[in-house]
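Undergrad: Here you go, one structure.
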Amino acid sequence: MSIYAISDLHLSFNTNKPMNIFGWNDYEEKIREDWDNKVKEDDLVLLPGDFSWEMKLNTTYKDFEYINSLPGKKLLLKGNHDYWWTTLKSMRKYLEDNKLKNIDFIYNNSYEYEGYIITGTRGWNLAPDNQDDKKIEERELMRLENSIKDGINKYGEKPIIVCMHYPPLLKDYKESDFTRILEKYNNVKFCLYGHLHGKSHVNVLEGIRNNIDYRMVSCDYTNFQLIKIV
């Protein structure tokens, strides 16, 4: 059984937010074809943010139906454009009421899958330029550490895969308060992130740094293909 990742699907099956204006032509079918070829029912797919353009949870059905029709278990993380995101209880009830299975959320919690702990948080800008941004950053730093601690407390010293939406490091920010938290825990082995698109790809920093393997998984960066993590 394997773990894959892909982020920033920006689905809009129920609203008029076409991504082809950015050159994302027929990308939903490209993702579906690659997903079907790679993922088995017992595999896990991590989706770190910006899943749907919808503004309200009750209008997301077609977007959730899309990933529900694809094989594997799916874990979603909140992105900066996921305005439909509400409480964990409400989102789980929505999935249950609509018979959408094998989907769950990373939100102030953690999971164990095949000997790996899955944790994470949305993150924030690496250079907050006002007090409100700083408060959001501090909250996200706390959520990141709490999620990691929750995983260790529940599942022990197993290797950890951290999911974030915002990048915790960039070419011009090779370390941050987020990376310092990750490096506090020796069993953090992977950090997956997205958020960056188009020309912003020049800022991507990937690879192993201080024993953590950083992977950028925005779908346009990966050519609309899932990335195998383990």
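Every chain in the structure tokens takes a letter, A first, then B, and so on in the order presented; its residues are numbered from 1, and the ligands are numbered from 1 following the presented order.
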If DSSP is run on the backbone, what residues of region 12-209 of chain A are strand (DSSP E)? A reply as JSON, numbers by chain would be ideal.

TA: {"A": [44, 45, 46, 47, 48, 73, 74, 75, 76, 77, 103, 104, 105, 106, 111, 112, 113, 116, 117, 118, 119, 120, 121, 160, 161, 162, 163, 164, 188, 189, 190, 191, 192, 193, 207, 208, 209]}

Undergrad: Just N, CA and C atoms for this one: save the residues we selected as a tab-separated table (two decimals), in the first residue's frame.

TA:
```tsv
chain	number	residue	atom	x	y	z
A	44	LEU	N	-3.48	5.61	0.02
A	44	LEU	CA	-3.88	6.87	0.63
A	44	LEU	C	-3.40	8.02	-0.27
A	45	VAL	N	-4.29	9.01	-0.50
A	45	VAL	CA	-3.94	10.20	-1.26
A	45	VAL	C	-4.12	11.42	-0.36
A	46	LEU	N	-3.07	12.22	-0.23
A	46	LEU	CA	-3.08	13.43	0.58
A	46	LEU	C	-3.31	14.63	-0.34
A	47	LEU	N	-4.24	15.51	0.06
A	47	LEU	CA	-4.57	16.69	-0.75
A	47	LEU	C	-4.40	17.95	0.10
A	48	PRO	N	-3.20	18.55	0.07
A	48	PRO	CA	-2.90	19.67	0.99
A	48	PRO	C	-3.41	21.04	0.52
A	73	LYS	N	-8.12	6.06	-0.31
A	73	LYS	CA	-8.58	6.91	0.79
A	73	LYS	C	-8.00	8.30	0.57
A	74	LYS	N	-8.76	9.33	0.96
A	74	LYS	CA	-8.30	10.70	0.73
A	74	LYS	C	-8.34	11.50	2.03
A	75	LEU	N	-7.27	12.29	2.26
A	75	LEU	CA	-7.22	13.19	3.40
A	75	LEU	C	-7.01	14.60	2.86
A	76	LEU	N	-7.90	15.53	3.24
A	76	LEU	CA	-7.85	16.91	2.77
A	76	LEU	C	-7.38	17.84	3.88
A	77	LEU	N	-6.59	18.84	3.48
A	77	LEU	CA	-6.12	19.90	4.36
A	77	LEU	C	-6.67	21.21	3.84
A	103	ILE	N	-13.17	9.64	2.54
A	103	ILE	CA	-12.67	11.01	2.57
A	103	ILE	C	-12.69	11.50	4.01
A	104	ASP	N	-11.61	12.16	4.43
A	104	ASP	CA	-11.58	12.77	5.76
A	104	ASP	C	-10.67	13.99	5.71
A	105	PHE	N	-10.47	14.62	6.86
A	105	PHE	CA	-9.81	15.92	6.91
A	105	PHE	C	-8.69	15.94	7.94
A	106	ILE	N	-7.62	16.66	7.61
A	106	ILE	CA	-6.56	16.95	8.57
A	106	ILE	C	-6.88	18.32	9.16
A	111	TYR	N	-3.37	11.19	11.91
A	111	TYR	CA	-3.80	9.87	11.44
A	111	TYR	C	-2.59	8.95	11.41
A	112	GLU	N	-2.89	7.66	11.42
A	112	GLU	CA	-1.84	6.64	11.22
A	112	GLU	C	-2.23	5.80	10.02
A	113	TYR	N	-1.26	5.60	9.14
A	113	TYR	CA	-1.50	4.79	7.95
A	113	TYR	C	-0.24	4.01	7.62
A	116	TYR	N	2.97	5.08	9.19
A	116	TYR	CA	3.29	6.49	9.10
A	116	TYR	C	2.23	7.32	9.82
A	117	ILE	N	2.66	8.40	10.45
A	117	ILE	CA	1.75	9.35	11.07
A	117	ILE	C	1.56	10.51	10.09
A	118	ILE	N	0.30	10.90	9.87
A	118	ILE	CA	-0.02	12.02	8.99
A	118	ILE	C	-0.50	13.18	9.85
A	119	THR	N	0.15	14.34	9.74
A	119	THR	CA	-0.23	15.52	10.51
A	119	THR	C	-0.19	16.73	9.59
A	120	GLY	N	-0.49	17.92	10.16
A	120	GLY	CA	-0.31	19.12	9.36
A	120	GLY	C	-1.22	20.26	9.73
A	121	THR	N	-1.01	21.38	9.04
A	121	THR	CA	-1.83	22.58	9.18
A	121	THR	C	-1.66	23.42	7.92
A	160	ILE	N	6.83	10.56	10.49
A	160	ILE	CA	5.74	11.51	10.32
A	160	ILE	C	5.80	12.16	8.94
A	161	ILE	N	4.65	12.24	8.30
A	161	ILE	CA	4.48	13.02	7.07
A	161	ILE	C	3.65	14.25	7.44
A	162	VAL	N	4.22	15.43	7.29
A	162	VAL	CA	3.53	16.67	7.59
A	162	VAL	C	2.98	17.27	6.29
A	163	CYS	N	1.70	17.61	6.29
A	163	CYS	CA	1.08	18.30	5.16
A	163	CYS	C	0.87	19.77	5.51
A	164	MET	N	1.26	20.65	4.61
A	164	MET	CA	0.97	22.07	4.75
A	164	MET	C	0.45	22.59	3.41
A	188	VAL	N	9.93	13.46	12.06
A	188	VAL	CA	9.36	14.13	10.89
A	188	VAL	C	10.26	13.84	9.70
A	189	LYS	N	9.74	13.10	8.73
A	189	LYS	CA	10.54	12.65	7.59
A	189	LYS	C	10.17	13.35	6.28
A	190	PHE	N	8.91	13.77	6.16
A	190	PHE	CA	8.46	14.42	4.93
A	190	PHE	C	7.65	15.67	5.28
A	191	CYS	N	7.74	16.69	4.44
A	191	CYS	CA	6.83	17.83	4.50
A	191	CYS	C	6.36	18.13	3.09
A	192	LEU	N	5.05	18.05	2.89
A	192	LEU	CA	4.44	18.28	1.58
A	192	LEU	C	3.74	19.63	1.60
A	193	TYR	N	3.88	20.39	0.51
A	193	TYR	CA	3.22	21.69	0.46
A	193	TYR	C	2.79	22.02	-0.97
A	207	GLY	N	13.64	18.82	-1.78
A	207	GLY	CA	14.77	17.98	-1.44
A	207	GLY	C	14.94	17.84	0.06
A	208	ILE	N	15.97	17.13	0.45
A	208	ILE	CA	16.21	16.81	1.87
A	208	ILE	C	17.04	17.92	2.51
A	209	ARG	N	16.48	18.50	3.56
A	209	ARG	CA	17.16	19.53	4.35
A	209	ARG	C	17.02	19.16	5.81
```

Undergrad: Restrict the calculation to only C-alpha atoms, then for each residue of region 24-87 of chain A with any atom at most 12 Å from an atom of region 124-137 of chain A give the closest atom pair and their distance in Å to one decimal, rows by chain and rising residue number, as JSON lines.

TA:
```
{"residue": "A:Lys78", "atom": "CA", "partner": "A:Trp124", "partner_atom": "CA", "distance": 11.5}
{"residue": "A:Gly79", "atom": "CA", "partner": "A:Trp124", "partner_atom": "CA", "distance": 9.8}
{"residue": "A:Asn80", "atom": "CA", "partner": "A:Trp124", "partner_atom": "CA", "distance": 8.8}
```

Undergrad: List the neighbours of Trp53 (chain A) out to 8 Å using only C-alpha atoms; skip same-chain residues closer than 2 positions along the sequence, and give me the result as an MDAnalysis selection string.

TA: chainID A and resid 10:12 15 17 50:51 55 81:83

Undergrad: Between CA of Lys62 (chain A) and CA of Phe22 (chain A), what distance in Å does the model show, to one decimal?

TA: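 Interatomic distance, CA of Lys62 (chain A) to CA of Phe22 (chain A): 21.8 Å.
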
Undergrad: With DSSP run on the backbone, what are the alpha helix (DSSP H) residues within region 6-51 of chain A? I'd like them as a ChimeraX atom specification.

TA: /A:27-38

Undergrad: State, in Å with one decimal place, the distance from CA of Thr86 (chain A) to CA of Arg122 (chain A).

TA: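 Computing it gives 13.8 Å between the two atoms.
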
Undergrad: Residues near Trp85 (chain A), anyone? I mean within 8 Å using only C-alpha atoms, not counting same-chain ones fewer than 5 positions away, as a ChimeraX atom specification.

TA: /A:56-57,78,91

Undergrad: Kindly export the residues of the current selection with all heavy atoms, as a tab-separated table (two decimals), in the first residue's frame.

TA:
```tsv
chain	number	residue	atom	x	y	z
A	56	LYS	N	-19.48	27.72	-0.03
A	56	LYS	CA	-20.28	27.11	1.02
A	56	LYS	C	-20.16	25.59	0.94
A	56	LYS	O	-20.14	25.02	-0.16
A	56	LYS	CB	-21.75	27.50	0.90
A	56	LYS	CG	-22.01	29.00	0.98
A	56	LYS	CD	-21.74	29.54	2.38
A	56	LYS	CE	-22.11	31.01	2.47
A	56	LYS	NZ	-21.84	31.57	3.81
A	57	LEU	N	-20.14	24.94	2.10
A	57	LEU	CA	-20.01	23.49	2.15
A	57	LEU	C	-21.14	22.81	1.37
A	57	LEU	O	-20.91	21.82	0.67
A	57	LEU	CB	-20.01	23.02	3.60
A	57	LEU	CG	-19.90	21.51	3.84
A	57	LEU	CD1	-18.60	20.96	3.28
A	57	LEU	CD2	-20.02	21.20	5.34
A	78	LYS	N	-6.88	22.18	4.71
A	78	LYS	CA	-7.43	23.47	4.31
A	78	LYS	C	-6.39	24.32	3.59
A	78	LYS	O	-5.23	24.42	4.02
A	78	LYS	CB	-7.92	24.23	5.54
A	78	LYS	CG	-8.59	25.55	5.23
A	78	LYS	CD	-9.07	26.23	6.50
A	78	LYS	CE	-9.79	27.53	6.19
A	78	LYS	NZ	-10.27	28.20	7.43
A	91	MET	N	-18.22	19.00	8.47
A	91	MET	CA	-17.73	18.45	7.21
A	91	MET	C	-17.91	16.94	7.16
A	91	MET	O	-18.31	16.38	6.13
A	91	MET	CB	-16.27	18.83	7.01
A	91	MET	CG	-16.07	20.32	6.80
A	91	MET	SD	-14.38	20.81	6.35
A	91	MET	CE	-13.47	20.39	7.85
```

Undergrad: Kindly provide the residues of region 100-156 of chain A that approach region 180-183 of chain A to within 8 Å, each paired with its closest atom pair and their distance in Å to one decimal, based on only C-alpha atoms, listed by chain and increasing number, as a Markdown table.

TA:
```
| residue | atom | partner | partner_atom | distance |
| --- | --- | --- | --- | --- |
| A:Leu141 | CA | A:Ile181 | CA | 7.8 |
| A:Leu144 | CA | A:Ile181 | CA | 7.9 |
| A:Glu145 | CA | A:Ile181 | CA | 6.6 |
```

Undergrad: Between A:Ile152, A:Ile212, A:Leu70, A:Ile21, single out the one closest to Glu33 (chain A), counting only C-alpha atoms.

TA: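 Smallest separation from Glu33 (chain A) among the options: A:Leu70.
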